[in-house]
file structure-v8.cif (mmCIF, C-alpha atoms)
data_input
#
loop_
_atom_site.label_atom_id
_atom_site.label_comp_id
_atom_site.auth_asym_id
_atom_site.auth_seq_id
_atom_site.Cartn_x
_atom_site.Cartn_y
_atom_site.Cartn_z
CA MET C 1 -16.77 -11.64 -23.74
CA GLU C 2 -19.39 -13.13 -21.40
CA GLU C 3 -22.19 -10.90 -20.06
CA TYR C 4 -23.57 -11.33 -16.53
CA LEU C 5 -26.66 -9.27 -15.68
CA ASP C 6 -28.53 -9.01 -12.35
CA GLN C 7 -26.83 -12.08 -10.86
CA THR C 8 -25.95 -12.81 -7.24
CA PHE C 9 -22.76 -14.66 -6.34
CA GLY C 10 -22.76 -15.87 -2.74
CA ARG C 11 -20.14 -17.57 -0.60
CA ILE C 12 -17.91 -18.52 -3.53
CA ASN C 13 -14.17 -19.00 -3.16
CA PHE C 14 -12.96 -17.66 -6.51
CA SER C 15 -9.40 -18.84 -5.87
CA GLN C 16 -10.72 -22.39 -6.28
CA GLN C 17 -13.31 -21.53 -8.94
CA PRO C 18 -11.92 -18.48 -10.85
CA LEU C 19 -14.27 -15.63 -11.73
CA LYS C 20 -14.90 -15.78 -15.47
CA LYS C 21 -13.73 -12.84 -17.56
CA GLY C 22 -16.60 -10.71 -18.77
CA ASN C 23 -18.90 -7.81 -18.05
CA TYR C 24 -20.77 -7.90 -14.74
CA ASP C 25 -23.70 -5.48 -14.71
CA ASN C 26 -25.85 -4.92 -11.60
CA CYS C 27 -24.43 -8.03 -9.92
CA GLN C 28 -24.00 -8.71 -6.21
CA PHE C 29 -21.06 -10.51 -4.61
CA LEU C 30 -21.87 -11.64 -1.06
CA ASN C 31 -19.29 -13.16 1.32
CA CYS C 32 -17.03 -14.14 -1.58
CA ASP C 33 -13.29 -14.75 -1.43
CA LEU C 34 -11.56 -13.01 -4.34
CA SER C 35 -8.21 -12.66 -2.56
CA GLY C 36 -5.29 -12.95 -4.95
CA CYS C 37 -7.64 -13.45 -7.90
CA HIS C 38 -6.85 -12.22 -11.38
CA LEU C 39 -9.58 -9.62 -12.02
CA SER C 40 -7.67 -7.95 -14.86
CA GLY C 41 -9.76 -6.98 -17.85
CA ILE C 42 -13.07 -7.61 -16.06
CA THR C 43 -15.78 -4.92 -16.10
CA PHE C 44 -18.00 -4.28 -13.07
CA ILE C 45 -20.86 -1.80 -13.58
CA ASP C 46 -23.41 -0.96 -10.85
CA CYS C 47 -22.17 -3.92 -8.78
CA GLN C 48 -22.08 -4.40 -5.02
CA PHE C 49 -19.49 -6.33 -3.04
CA SER C 50 -20.57 -7.11 0.55
CA THR C 51 -18.26 -8.69 3.16
CA CYS C 52 -15.93 -9.97 0.45
CA ASN C 53 -12.17 -10.46 0.63
CA LEU C 54 -10.44 -8.88 -2.39
CA SER C 55 -7.00 -8.55 -0.79
CA MET C 56 -4.07 -8.69 -3.21
CA ALA C 57 -6.37 -9.22 -6.24
CA LEU C 58 -4.81 -8.21 -9.56
CA LEU C 59 -6.58 -5.22 -11.13
CA GLY C 60 -4.91 -4.64 -14.51
CA ALA C 61 -7.38 -2.62 -16.64
CA THR C 62 -10.25 -3.69 -14.36
CA VAL C 63 -13.29 -1.41 -14.75
CA PHE C 64 -15.14 -0.32 -11.60
CA ARG C 65 -18.04 1.93 -12.64
CA ASP C 66 -20.52 2.88 -9.90
CA VAL C 67 -19.39 0.00 -7.69
CA VAL C 68 -20.12 -0.15 -3.94
CA PHE C 69 -17.90 -2.06 -1.51
CA ARG C 70 -19.37 -2.74 1.98
CA GLY C 71 -17.51 -4.42 4.80
CA CYS C 72 -14.82 -5.70 2.43
CA LYS C 73 -11.21 -6.56 3.13
CA MET C 74 -9.20 -4.94 0.34
CA THR C 75 -5.61 -4.94 1.56
CA GLY C 76 -2.80 -4.27 -0.91
CA LEU C 77 -4.96 -3.46 -3.95
CA ARG C 78 -3.39 -1.52 -6.82
CA PHE C 79 -6.32 0.64 -7.93
CA ASP C 80 -3.73 2.60 -9.90
CA HIS C 81 -3.74 -0.33 -12.36
CA CYS C 82 -7.53 -0.06 -12.93
CA SER C 83 -9.06 1.46 -16.03
CA ASP C 84 -9.68 5.20 -15.68
CA PHE C 85 -12.77 5.05 -17.88
CA GLY C 86 -15.81 5.82 -15.70
CA LEU C 87 -13.95 4.96 -12.49
CA ALA C 88 -16.43 5.51 -9.63
CA MET C 89 -16.51 3.59 -6.35
CA THR C 90 -17.91 3.97 -2.84
CA PHE C 91 -16.33 2.31 0.19
CA ASP C 92 -18.30 1.65 3.37
CA GLN C 93 -16.65 -0.03 6.41
CA CYS C 94 -13.79 -1.43 4.30
CA THR C 95 -10.17 -2.16 5.12
CA LEU C 96 -8.00 -0.65 2.37
CA ASP C 97 -4.61 -0.83 4.10
CA TYR C 98 -1.50 -0.72 1.87
CA SER C 99 -3.58 -0.01 -1.25
CA SER C 100 -2.60 2.44 -4.00
CA PHE C 101 -4.65 5.07 -5.80
CA TYR C 102 -1.56 6.63 -7.40
CA GLN C 103 -2.47 9.23 -10.08
CA LYS C 104 -6.18 8.31 -10.03
CA LYS C 105 -8.98 10.82 -10.60
CA LEU C 106 -11.25 10.11 -7.63
CA LYS C 107 -13.48 13.18 -7.59
CA LYS C 108 -16.44 12.92 -5.20
CA MET C 109 -15.25 9.52 -3.94
CA ARG C 110 -16.78 8.48 -0.62
CA PHE C 111 -14.94 6.55 2.07
CA GLN C 112 -17.15 5.86 5.11
CA GLN C 113 -15.83 4.24 8.30
CA CYS C 114 -12.85 2.80 6.42
CA GLN C 115 -9.35 1.95 7.51
CA LEU C 116 -6.76 3.24 5.02
CA LYS C 117 -3.46 2.65 6.81
CA GLU C 118 -0.38 3.26 4.64
CA THR C 119 -2.59 3.84 1.57
CA ASP C 120 -1.03 5.86 -1.27
CA PHE C 121 -2.89 8.81 -2.81
CA THR C 122 0.20 10.38 -4.44
CA ASP C 123 -0.69 12.54 -7.48
CA ALA C 124 -4.39 11.61 -7.11
CA ASP C 125 -7.30 14.01 -7.53
CA LEU C 126 -9.68 13.70 -4.57
CA THR C 127 -11.62 16.92 -5.21
CA SER C 128 -14.86 16.99 -3.20
CA SER C 129 -14.26 13.53 -1.75
CA VAL C 130 -15.29 12.53 1.77
CA PHE C 131 -13.34 10.61 4.42
CA ASP C 132 -16.11 10.03 6.97
CA GLN C 133 -14.83 8.45 10.21
CA CYS C 134 -11.77 7.00 8.45
CA ASP C 135 -8.43 6.03 9.97
CA LEU C 136 -5.69 7.48 7.74
CA THR C 137 -2.64 6.38 9.76
CA GLY C 138 0.45 6.60 7.54
CA THR C 139 -1.61 7.41 4.45
CA LYS C 140 0.46 9.22 1.83
CA PHE C 141 -0.81 12.47 0.33
CA ASP C 142 1.84 13.98 -1.96
CA ASN C 143 1.00 16.35 -4.83
CA THR C 144 -2.61 15.33 -4.18
CA VAL C 145 -5.58 17.51 -5.07
CA LEU C 146 -7.63 17.70 -1.87
CA GLU C 147 -9.69 20.76 -2.73
CA LYS C 148 -13.13 20.69 -1.05
CA THR C 149 -12.29 17.28 0.45
CA ASP C 150 -13.97 16.59 3.79
CA PHE C 151 -11.67 15.33 6.58
CA ARG C 152 -13.82 16.60 9.48
CA THR C 153 -14.41 13.16 11.03
CA ALA C 154 -11.22 11.48 9.76
CA CYS C 155 -8.35 10.75 12.11
CA ASN C 156 -4.60 10.13 12.15
CA TYR C 157 -3.81 11.94 8.90
CA THR C 158 -0.65 13.86 8.11
CA ILE C 159 -0.94 16.27 5.19
CA ASP C 160 1.70 18.75 4.08
CA PRO C 161 -0.17 21.89 2.94
CA GLU C 162 2.88 22.94 0.90
CA ARG C 163 2.91 19.69 -1.12
CA ASN C 164 -0.84 19.28 -1.64
CA LYS C 165 -3.70 21.42 -2.91
CA ILE C 166 -6.06 21.87 0.07
CA LYS C 167 -8.10 24.95 -0.87
CA LYS C 168 -11.54 24.80 0.80
CA ALA C 169 -10.81 21.35 2.28
CA ARG C 170 -12.69 20.78 5.52
CA PHE C 171 -10.96 19.84 8.78
CA ALA C 172 -11.90 19.71 12.47
CA LEU C 173 -10.06 19.96 15.77
CA PRO C 174 -8.07 18.25 17.13
CA GLU C 175 -7.07 16.25 14.02
CA VAL C 176 -6.30 19.38 11.96
CA ILE C 177 -2.98 19.39 13.83
CA GLY C 178 -1.95 16.74 11.27
CA LEU C 179 -1.37 19.66 8.88
CA LEU C 180 1.51 20.83 11.07
CA ALA C 181 3.26 17.48 11.60
CA LYS C 182 6.18 18.25 9.28
CA TYR C 183 7.20 21.20 11.47
CA ASP C 184 7.91 18.96 14.49
CA ILE C 185 6.43 21.51 16.89
CA ASP C 186 4.89 21.03 20.31
CA ILE C 187 1.28 22.15 20.51
CA SER C 188 -0.50 22.37 23.86
CA ARG C 189 -3.90 23.65 24.93
CA SER C 190 -2.49 26.36 27.21
#
call {"tool": "encode", "arguments": {"input": "structure-v8.cif", "output": "structure tokens"}}
result
Amino acid sequence: MEEYLDQTFGRINFSQQPLKKGNYDNCQFLNCDLSGCHLSGITFIDCQFSTCNLSMALLGATVFRDVVFRGCKMTGLRFDHCSDFGLAMTFDQCTLDYSSFYQKKLKKMRFQQCQLKETDFTDADLTSSVFDQCDLTGTKFDNTVLEKTDFRTACNYTIDPERNKIKKARFALPEVIGLLAKYDIDISRS
């Protein structure tokens, strides 16, 4: 397996020039197009992806260990197919619509200014994670561990407290009303 250390990949369309299988350690990907690429079996450790398009990339057994994504388009990614070993990622200003984190252990994960429309967190463990200024429209939380998770600046979420573990999770008004959505009640200020 090829080893890539401390390399920078800039403005490469990997659908025309496929990313070679291997271990990428402390590498940077800048303005690259990885949409629809086969990233299965590739290991990324301490890597950064900035303004890249990874939409619909295949992630079978892909390793993401201490990886940062900034300003990336990541629509329709199946993170549930990634390797669980050392899984640790940070997302900053990314679009993660229609992605899946089904059954993933995502403790202390950080999502900052991200759009996560229709994203699936069913059976995931998001203990002590942060959704800072994130749009969670249609995002699915079902049997999800949300203990100590911070939703104070997140918006448009709907969470059923009876179907999720929310002990010591942090919420703020007015968005906390999303915890009552299933009851179909009318709430007014006075």
call {"tool": "residues_around", "arguments": {"input": "structure-v8.cif", "residues": "Arg152 in chain C", "least_positions_apart": "6", "cutoff": "7 Å", "atoms": "only C-alpha atoms", "output": "PDB file with C-alpha atoms, in the coordinates of the input"}}
result
ATOM      1  CA  ARG C 170     -12.690  20.780   5.520  1.00  0.00           C
ATOM      2  CA  PHE C 171     -10.960  19.840   8.780  1.00  0.00           C
ATOM      3  CA  ALA C 172     -11.900  19.710  12.470  1.00  0.00           C
TER       4      ALA C 172
END
call {"tool": "closest_atom_pairs", "arguments": {"input": "structure-v8.cif", "of": "range 28-47 of chain C", "to": "range 62-69 of chain C", "cutoff": "9 Å", "atoms": "only C-alpha atoms", "output": "CSV"}}
result
residue,atom,partner,partner_atom,distance
C:Leu39,CA,C:Thr62,CA,6.4
C:Ser40,CA,C:Thr62,CA,5.0
C:Gly41,CA,C:Thr62,CA,4.8
C:Ile42,CA,C:Thr62,CA,5.1
C:Thr43,CA,C:Val63,CA,4.5
C:Phe44,CA,C:Phe64,CA,5.1
C:Ile45,CA,C:Arg65,CA,4.8
C:Asp46,CA,C:Asp66,CA,4.9
C:Cys47,CA,C:Val67,CA,4.9
call {"tool": "write_last_selection", "arguments": {"input": "structure-v8.cif", "atoms": "C-alpha atoms", "output": "CSV table (one decimal), in the coordinates of the input"}}
result
chain,number,residue,atom,x,y,z
C,39,LEU,CA,-9.6,-9.6,-12.0
C,40,SER,CA,-7.7,-8.0,-14.9
C,41,GLY,CA,-9.8,-7.0,-17.8
C,42,ILE,CA,-13.1,-7.6,-16.1
C,43,THR,CA,-15.8,-4.9,-16.1
C,44,PHE,CA,-18.0,-4.3,-13.1
C,45,ILE,CA,-20.9,-1.8,-13.6
C,46,ASP,CA,-23.4,-1.0,-10.8
C,47,CYS,CA,-22.2,-3.9,-8.8
call {"tool": "closest_atom_pairs", "arguments": {"input": "structure-v8.cif", "of": "range 19-85 of chain C", "to": "range 7-10 of chain C", "cutoff": "10 Å", "atoms": "only C-alpha atoms", "output": "tab-separated table"}}
result
residue	atom	partner	partner_atom	distance
C:Tyr24	CA	C:Gln7	CA	8.3
C:Asp25	CA	C:Gln7	CA	8.3
C:Asn26	CA	C:Gln7	CA	7.3
C:Cys27	CA	C:Gln7	CA	4.8
C:Gln28	CA	C:Thr8	CA	4.7
C:Phe29	CA	C:Phe9	CA	4.8
C:Leu30	CA	C:Gly10	CA	4.6
C:Asn31	CA	C:Gly10	CA	6.0
C:Cys32	CA	C:Gly10	CA	6.1
C:Asp33	CA	C:Gly10	CA	9.6
C:Cys47	CA	C:Gln7	CA	9.6
C:Gln48	CA	C:Thr8	CA	9.5
C:Phe49	CA	C:Phe9	CA	9.5
C:Ser50	CA	C:Gly10	CA	9.6
C:Cys52	CA	C:Gly10	CA	9.6
call {"tool": "axis_aligned_box", "arguments": {"input": "structure-v8.cif", "around": "range 16-31 of chain C", "padding_each_side": "3 Å", "output": "AutoDock Vina command-line options"}}
result
--center_x -18.3 --center_y -13.7 --center_z -8.7 --size_x 21.1 --size_y 23.5 --size_z 26.1
call {"tool": "closest_residue", "arguments": {"input": "structure-v8.cif", "among": "C:Leu54, C:Cys155, C:Ile12, C:Ile166", "to": "Cys114 in chain C", "atoms": "only C-alpha atoms"}}
result
C:Cys155
call {"tool": "resolve_selection", "arguments": {"input": "structure-v8.cif", "expression": "the PyMOL selection byres ((chain C and resi 159-165) around 7)", "output": "ChimeraX atom specification"}}
result
/C:141-147,157-158,166-167,178-179,182
call {"tool": "write_last_selection", "arguments": {"input": "structure-v8.cif", "atoms": "C-alpha atoms", "output": "mmCIF file, in the coordinates of the input"}}
result
data_model
loop_
_atom_site.group_PDB
_atom_site.id
_atom_site.type_symbol
_atom_site.label_atom_id
_atom_site.label_comp_id
_atom_site.auth_asym_id
_atom_site.auth_seq_id
_atom_site.Cartn_x
_atom_site.Cartn_y
_atom_site.Cartn_z
ATOM 1 C CA PHE C 141 -0.810 12.470 0.330
ATOM 2 C CA ASP C 142 1.840 13.980 -1.960
ATOM 3 C CA ASN C 143 1.000 16.350 -4.830
ATOM 4 C CA THR C 144 -2.610 15.330 -4.180
ATOM 5 C CA VAL C 145 -5.580 17.510 -5.070
ATOM 6 C CA LEU C 146 -7.630 17.700 -1.870
ATOM 7 C CA GLU C 147 -9.690 20.760 -2.730
ATOM 8 C CA TYR C 157 -3.810 11.940 8.900
ATOM 9 C CA THR C 158 -0.650 13.860 8.110
ATOM 10 C CA ILE C 166 -6.060 21.870 0.070
ATOM 11 C CA LYS C 167 -8.100 24.950 -0.870
ATOM 12 C CA GLY C 178 -1.950 16.740 11.270
ATOM 13 C CA LEU C 179 -1.370 19.660 8.880
ATOM 14 C CA LYS C 182 6.180 18.250 9.280
#
call {"tool": "atom_distance", "arguments": {"input": "structure-v8.cif", "atom1": "CA of Gly36 in chain C", "atom2": "CA of Met56 in chain C"}}
result
4.8 Å
call {"tool": "atom_distance", "arguments": {"input": "structure-v8.cif", "atom1": "CA of Phe151 in chain C", "atom2": "CA of Arg78 in chain C"}}
result
23.1 Å
call {"tool": "residues_around", "arguments": {"input": "structure-v8.cif", "residues": "Lys104 in chain C", "least_positions_apart": "2", "cutoff": "9 Å", "atoms": "all atoms listed in the file", "output": "JSON, numbers by chain"}}
result
{"C": [79, 80, 82, 84, 87, 101, 102, 106, 121, 122, 123, 124, 125, 126]}
call {"tool": "atom_distance", "arguments": {"input": "structure-v8.cif", "atom1": "CA of Thr51 in chain C", "atom2": "CA of Leu19 in chain C"}}
result
16.9 Å
call {"tool": "build_atoms", "arguments": {"input": "structure-v8.cif", "residues": "range 3-38 of chain C", "atoms": "N, CA and C atoms", "output": "tab-separated table (two decimals), in the frame of the given file"}}
result
chain	number	residue	atom	x	y	z
C	3	GLU	N	-21.40	-11.95	-20.70
C	3	GLU	CA	-22.19	-10.90	-20.06
C	3	GLU	C	-22.95	-11.52	-18.88
C	4	TYR	N	-22.86	-10.87	-17.72
C	4	TYR	CA	-23.57	-11.33	-16.53
C	4	TYR	C	-24.42	-10.16	-16.05
C	5	LEU	N	-25.73	-10.34	-16.02
C	5	LEU	CA	-26.66	-9.27	-15.68
C	5	LEU	C	-27.54	-9.68	-14.51
C	6	ASP	N	-27.64	-8.80	-13.50
C	6	ASP	CA	-28.53	-9.01	-12.35
C	6	ASP	C	-28.33	-10.37	-11.66
C	7	GLN	N	-27.09	-10.79	-11.51
C	7	GLN	CA	-26.83	-12.08	-10.86
C	7	GLN	C	-26.27	-11.85	-9.46
C	8	THR	N	-26.50	-12.83	-8.59
C	8	THR	CA	-25.95	-12.81	-7.24
C	8	THR	C	-24.98	-13.98	-7.09
C	9	PHE	N	-23.78	-13.65	-6.60
C	9	PHE	CA	-22.76	-14.66	-6.34
C	9	PHE	C	-22.53	-14.69	-4.84
C	10	GLY	N	-22.86	-15.80	-4.19
C	10	GLY	CA	-22.76	-15.87	-2.74
C	10	GLY	C	-21.85	-16.98	-2.25
C	11	ARG	N	-21.02	-16.62	-1.28
C	11	ARG	CA	-20.14	-17.57	-0.60
C	11	ARG	C	-19.33	-18.43	-1.56
C	12	ILE	N	-18.74	-17.79	-2.55
C	12	ILE	CA	-17.91	-18.52	-3.53
C	12	ILE	C	-16.45	-18.17	-3.28
C	13	ASN	N	-15.61	-19.20	-3.26
C	13	ASN	CA	-14.17	-19.00	-3.16
C	13	ASN	C	-13.63	-18.99	-4.60
C	14	PHE	N	-13.39	-17.80	-5.12
C	14	PHE	CA	-12.96	-17.66	-6.51
C	14	PHE	C	-11.50	-18.03	-6.73
C	15	SER	N	-10.76	-18.33	-5.67
C	15	SER	CA	-9.40	-18.84	-5.87
C	15	SER	C	-9.45	-20.31	-6.26
C	16	GLN	N	-10.53	-20.98	-5.89
C	16	GLN	CA	-10.72	-22.39	-6.28
C	16	GLN	C	-11.54	-22.49	-7.56
C	17	GLN	N	-12.43	-21.55	-7.77
C	17	GLN	CA	-13.31	-21.53	-8.94
C	17	GLN	C	-13.21	-20.11	-9.51
C	18	PRO	N	-12.21	-19.84	-10.39
C	18	PRO	CA	-11.92	-18.48	-10.85
C	18	PRO	C	-13.13	-17.76	-11.46
C	19	LEU	N	-13.22	-16.47	-11.17
C	19	LEU	CA	-14.27	-15.63	-11.73
C	19	LEU	C	-14.02	-15.52	-13.24
C	20	LYS	N	-15.04	-15.81	-14.01
C	20	LYS	CA	-14.90	-15.78	-15.47
C	20	LYS	C	-14.75	-14.34	-15.96
C	21	LYS	N	-13.90	-14.16	-16.95
C	21	LYS	CA	-13.73	-12.84	-17.56
C	21	LYS	C	-15.03	-12.45	-18.24
C	22	GLY	N	-15.38	-11.17	-18.13
C	22	GLY	CA	-16.60	-10.71	-18.77
C	22	GLY	C	-17.04	-9.39	-18.21
C	23	ASN	N	-18.27	-9.04	-18.54
C	23	ASN	CA	-18.90	-7.81	-18.05
C	23	ASN	C	-19.97	-8.18	-17.03
C	24	TYR	N	-19.82	-7.65	-15.82
C	24	TYR	CA	-20.77	-7.90	-14.74
C	24	TYR	C	-21.56	-6.62	-14.52
C	25	ASP	N	-22.85	-6.65	-14.80
C	25	ASP	CA	-23.70	-5.48	-14.71
C	25	ASP	C	-24.80	-5.72	-13.69
C	26	ASN	N	-24.85	-4.83	-12.66
C	26	ASN	CA	-25.85	-4.92	-11.60
C	26	ASN	C	-25.81	-6.28	-10.88
C	27	CYS	N	-24.61	-6.75	-10.62
C	27	CYS	CA	-24.43	-8.03	-9.92
C	27	CYS	C	-24.05	-7.79	-8.47
C	28	GLN	N	-24.35	-8.78	-7.62
C	28	GLN	CA	-24.00	-8.71	-6.21
C	28	GLN	C	-23.06	-9.86	-5.88
C	29	PHE	N	-22.02	-9.52	-5.10
C	29	PHE	CA	-21.06	-10.51	-4.61
C	29	PHE	C	-21.17	-10.48	-3.09
C	30	LEU	N	-21.63	-11.58	-2.49
C	30	LEU	CA	-21.87	-11.64	-1.06
C	30	LEU	C	-20.98	-12.69	-0.40
C	31	ASN	N	-20.17	-12.25	0.56
C	31	ASN	CA	-19.29	-13.16	1.32
C	31	ASN	C	-18.40	-14.01	0.42
C	32	CYS	N	-17.89	-13.41	-0.64
C	32	CYS	CA	-17.03	-14.14	-1.58
C	32	CYS	C	-15.56	-13.90	-1.27
C	33	ASP	N	-14.73	-14.88	-1.59
C	33	ASP	CA	-13.29	-14.75	-1.43
C	33	ASP	C	-12.67	-14.57	-2.82
C	34	LEU	N	-12.21	-13.34	-3.07
C	34	LEU	CA	-11.56	-13.01	-4.34
C	34	LEU	C	-10.10	-12.66	-4.09
C	35	SER	N	-9.58	-13.02	-2.91
C	35	SER	CA	-8.21	-12.66	-2.56
C	35	SER	C	-7.21	-13.31	-3.52
C	36	GLY	N	-6.31	-12.47	-4.03
C	36	GLY	CA	-5.29	-12.95	-4.95
C	36	GLY	C	-5.80	-13.30	-6.33
C	37	CYS	N	-7.07	-13.09	-6.60
C	37	CYS	CA	-7.64	-13.45	-7.90
C	37	CYS	C	-7.20	-12.50	-9.00
C	38	HIS	N	-7.20	-12.99	-10.20
C	38	HIS	CA	-6.85	-12.22	-11.38
C	38	HIS	C	-8.12	-11.59	-11.93
